[in-house]
Each structure stands twice: as structure tokens, then as C-alpha cells.
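Chemist: So I've got this file, my_file_22.json, and it contains JSON, C-alpha atoms:
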[["chain", "number", "residue", "atom", "x", "y", "z"],
["A", 267, "CYS", "CA", 53.86, -22.36, -36.54],
["A", 268, "CYS", "CA", 55.19, -25.09, -38.80],
["A", 269, "ILE", "CA", 56.21, -22.44, -41.34],
["A", 270, "LEU", "CA", 58.78, -20.70, -39.16],
["A", 271, "GLY", "CA", 62.32, -21.97, -39.45],
["A", 272, "CYS", "CA", 61.75, -23.60, -42.83],
["A", 273, "TYR", "CA", 62.94, -21.04, -45.40],
["A", 274, "PRO", "CA", 61.13, -22.57, -48.40],
["A", 275, "LEU", "CA", 57.82, -22.39, -46.50],
["A", 276, "GLU", "CA", 58.62, -18.93, -45.17],
["A", 277, "ASP", "CA", 59.40, -17.77, -48.70],
["A", 278, "TYR", "CA", 56.09, -19.19, -49.93],
["A", 279, "PHE", "CA", 54.26, -17.41, -47.09],
["A", 280, "LEU", "CA", 55.98, -14.16, -48.08],
["A", 281, "GLU", "CA", 55.17, -14.64, -51.77],
["A", 282, "LYS", "CA", 51.50, -15.07, -50.87],
["A", 283, "GLU", "CA", 51.65, -11.75, -48.97],
["A", 284, "GLY", "CA", 51.36, -13.39, -45.56],
["A", 285, "ILE", "CA", 53.33, -10.61, -43.89],
["A", 286, "PHE", "CA", 50.87, -8.08, -45.32],
["A", 287, "LEU", "CA", 48.02, -10.05, -43.75],
["A", 288, "LEU", "CA", 49.80, -10.16, -40.38],
["A", 289, "LEU", "CA", 50.37, -6.40, -40.50],
["A", 290, "ASP", "CA", 46.74, -5.85, -41.51],
["A", 291, "LEU", "CA", 45.69, -7.85, -38.43],
["A", 292, "LEU", "CA", 48.11, -5.91, -36.25],
["A", 293, "ALA", "CA", 46.66, -2.63, -37.56],
["A", 294, "LEU", "CA", 43.21, -3.69, -36.31],
["A", 295, "ASN", "CA", 44.65, -2.99, -32.86],
["A", 296, "GLN", "CA", 43.13, -6.01, -31.15],
["A", 297, "LYS", "CA", 45.09, -6.20, -27.90],
["A", 298, "LYS", "CA", 44.54, -9.94, -27.49],
["A", 299, "PHE", "CA", 46.33, -10.66, -30.79],
["A", 300, "CYS", "CA", 49.12, -8.07, -30.73],
["A", 301, "ASN", "CA", 51.66, -10.09, -28.74],
["A", 302, "LEU", "CA", 51.07, -13.20, -30.83],
["A", 303, "ILE", "CA", 51.39, -11.33, -34.13],
["A", 304, "LEU", "CA", 54.46, -9.40, -32.97],
["A", 305, "GLY", "CA", 56.10, -12.67, -31.88],
["A", 306, "ILE", "CA", 55.46, -14.21, -35.29],
["A", 307, "MET", "CA", 56.82, -11.09, -36.99],
["A", 308, "VAL", "CA", 60.02, -11.28, -34.92],
["A", 309, "GLU", "CA", 60.57, -14.88, -36.00],
["A", 310, "PHE", "CA", 60.00, -13.98, -39.65],
["A", 311, "CYS", "CA", 62.62, -11.24, -39.39],
["A", 312, "ASP", "CA", 65.30, -13.97, -39.32],
["A", 313, "ASN", "CA", 64.48, -14.42, -43.00],
["A", 314, "PRO", "CA", 66.32, -11.73, -45.00],
["A", 315, "LYS", "CA", 63.44, -11.50, -47.50],
["A", 316, "THR", "CA", 61.01, -10.32, -44.82],
["A", 317, "THR", "CA", 62.35, -6.76, -44.62],
["A", 318, "ALA", "CA", 61.29, -5.90, -48.16],
["A", 319, "HIS", "CA", 57.75, -7.08, -47.45],
["A", 320, "VAL", "CA", 57.52, -5.16, -44.17],
["A", 321, "ASN", "CA", 58.84, -2.01, -45.87],
["A", 322, "ALA", "CA", 56.39, -2.40, -48.78],
["A", 323, "TRP", "CA", 53.28, -2.77, -46.60],
["A", 324, "ARG", "CA", 50.86, 0.13, -46.41],
["A", 325, "GLY", "CA", 47.86, 0.37, -44.16],
["A", 326, "LYS", "CA", 44.99, 2.81, -44.09],
["A", 327, "LYS", "CA", 45.94, 6.36, -45.06],
["A", 328, "ASP", "CA", 49.24, 4.99, -46.43],
["A", 329, "GLN", "CA", 50.48, 4.05, -42.94],
["A", 330, "THR", "CA", 53.86, 2.31, -42.90],
["A", 331, "ALA", "CA", 54.84, -0.64, -40.72],
["A", 332, "ALA", "CA", 57.26, 1.62, -38.82],
["A", 333, "SER", "CA", 54.47, 4.09, -38.11],
["A", 334, "LEU", "CA", 52.18, 1.28, -36.96],
["A", 335, "LEU", "CA", 54.81, -0.12, -34.59],
["A", 336, "ILE", "CA", 55.50, 3.33, -33.12],
["A", 337, "LYS", "CA", 51.77, 3.84, -32.59],
["A", 338, "LEU", "CA", 51.53, 0.50, -30.78],
["A", 339, "TRP", "CA", 54.59, 1.37, -28.67],
["A", 340, "ARG", "CA", 53.09, 4.72, -27.62],
["A", 341, "LYS", "CA", 49.76, 3.11, -26.80],
["A", 342, "GLU", "CA", 51.50, 0.50, -24.64],
["A", 343, "GLU", "CA", 53.47, 3.20, -22.81],
["A", 344, "LYS", "CA", 50.26, 5.13, -22.15],
["A", 345, "GLU", "CA", 48.54, 2.03, -20.77],
["A", 346, "LEU", "CA", 51.55, 1.38, -18.51],
["A", 347, "GLY", "CA", 51.53, 4.99, -17.29],
["A", 348, "VAL", "CA", 55.01, 5.82, -18.61],
["A", 349, "LYS", "CA", 55.80, 9.51, -18.14],
["A", 350, "ARG", "CA", 58.16, 11.50, -20.37],
["A", 351, "ASP", "CA", 59.71, 14.94, -20.01],
["A", 352, "LYS", "CA", 59.62, 17.63, -22.71],
["A", 353, "HIS", "CA", 62.66, 16.03, -24.39],
["A", 354, "GLY", "CA", 60.99, 12.62, -24.60],
["A", 355, "MET", "CA", 63.08, 11.05, -21.84],
["A", 356, "ILE", "CA", 61.36, 8.64, -19.47],
["A", 357, "ILE", "CA", 60.97, 10.17, -16.00]]
For this file, write the structure as C-alpha cells.
Modeler:
Amino acid sequence: CCILGCYPLEDYFLEKEGIFLLLDLLALNQKKFCNLILGIMVEFCDNPKTTAHVNAWRGKKDQTAASLLIKLWRKEEKELGVKRDKHGMII
């Protein structure tokens, strides 16, 4: 991505609600795109302005970015066969 690492371009991307679009794509739950989108999101988090956009995003049924990421995490754990005890600790 030629945007990443160049703060003026990153800021423009943020102003045009690019992070919202990335989160909308992530919420579609298309496995083949998740790693790519998450990688891009990590790079954008170096920009201090990104946090406000991530926190402002809302998906369907008013889902937050934090809720979306937790859902993806749990799905990944299930696919990997991770087992947890009644306290939530990995066993």
C-alpha cells in the first residue's frame, strides 16, 4: 500500500472514511480477506488519528470494532480447536 507510512496520505484515507470501509469488509467475515485487512489495520494503528475512527465505527446492530475483533478471535480459536475451561483459560 503506497498510503501506509505517509501520514498526509493516511490522514486523507482516514478523512474519506477508509477505515470504516476496511472494517465493513472485515465484518463480511470473508476468511480470504481477513488477514490482509487485519494487517492493513495494524499498520494504520501507527497513526494516532486512527484510534478515533476505529472507535467511531459501527457495524450491523451497532456492533463496535472491539466486538467484531473479539468475534473474529473466537471464530479463529474454534477453527483451531482451542479448548477452554469454565474460567476461560486455555487447556
Chemist: Restricting the calculation to all atoms listed in the file: of A:Ile356, A:Leu289, A:Leu346, A:Ile306, which residue gets closest to A:Thr330?
Modeler: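 Closest residue, counting all atoms listed in the file: A:Leu289.
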Chemist: From the set A:Lys315, A:Lys337, A:Asn301, A:Leu294, which residue has the shortest atom-to-atom contact distance to A:Glu276, counting only C-alpha atoms?
Modeler: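 So, comparing all the options, the nearest one is A:Lys315.
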Chemist: Which residue out of A:Ala293, A:Leu304, A:Asp312, A:Glu342 has the minimum interatomic distance to A:Asp328 when only C-alpha atoms are used?
Modeler: A:Ala293
Chemist: Pick the closest to A:Leu275 from A:Phe310, A:Gln296, A:Leu288, A:Leu338: which is it, counting all atoms listed in the file?
Modeler: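 For A:Leu275, the nearest of the given residues is A:Phe310.
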Chemist: Between atom CA of A:His319 and atom CA of A:Glu283, what is the spacing in Å?
Modeler: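 Computing the Euclidean distance for atom CA of A:Glu283 and atom CA of A:His319 yields 7.8 Å.
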Chemist: Could you check how far atom CA of A:Met355 sits from atom CA of A:Glu343, in Å to one decimal?
Modeler: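 If I compute the distance from atom CA of A:Met355 to atom CA of A:Glu343, I get 12.4 Å.
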Chemist: Could you pull the residues within 12 Å of A:Gln329, counting all atoms listed in the file, minus those fewer than 6 positions along the same chain, as a PyMOL selection string?
Modeler: chain A and resi 289-290+293+320-323+335-337
Chemist: Quick one, how far is atom CA of A:Arg340 from atom CA of A:Leu270?
Modeler: 28.5 Å
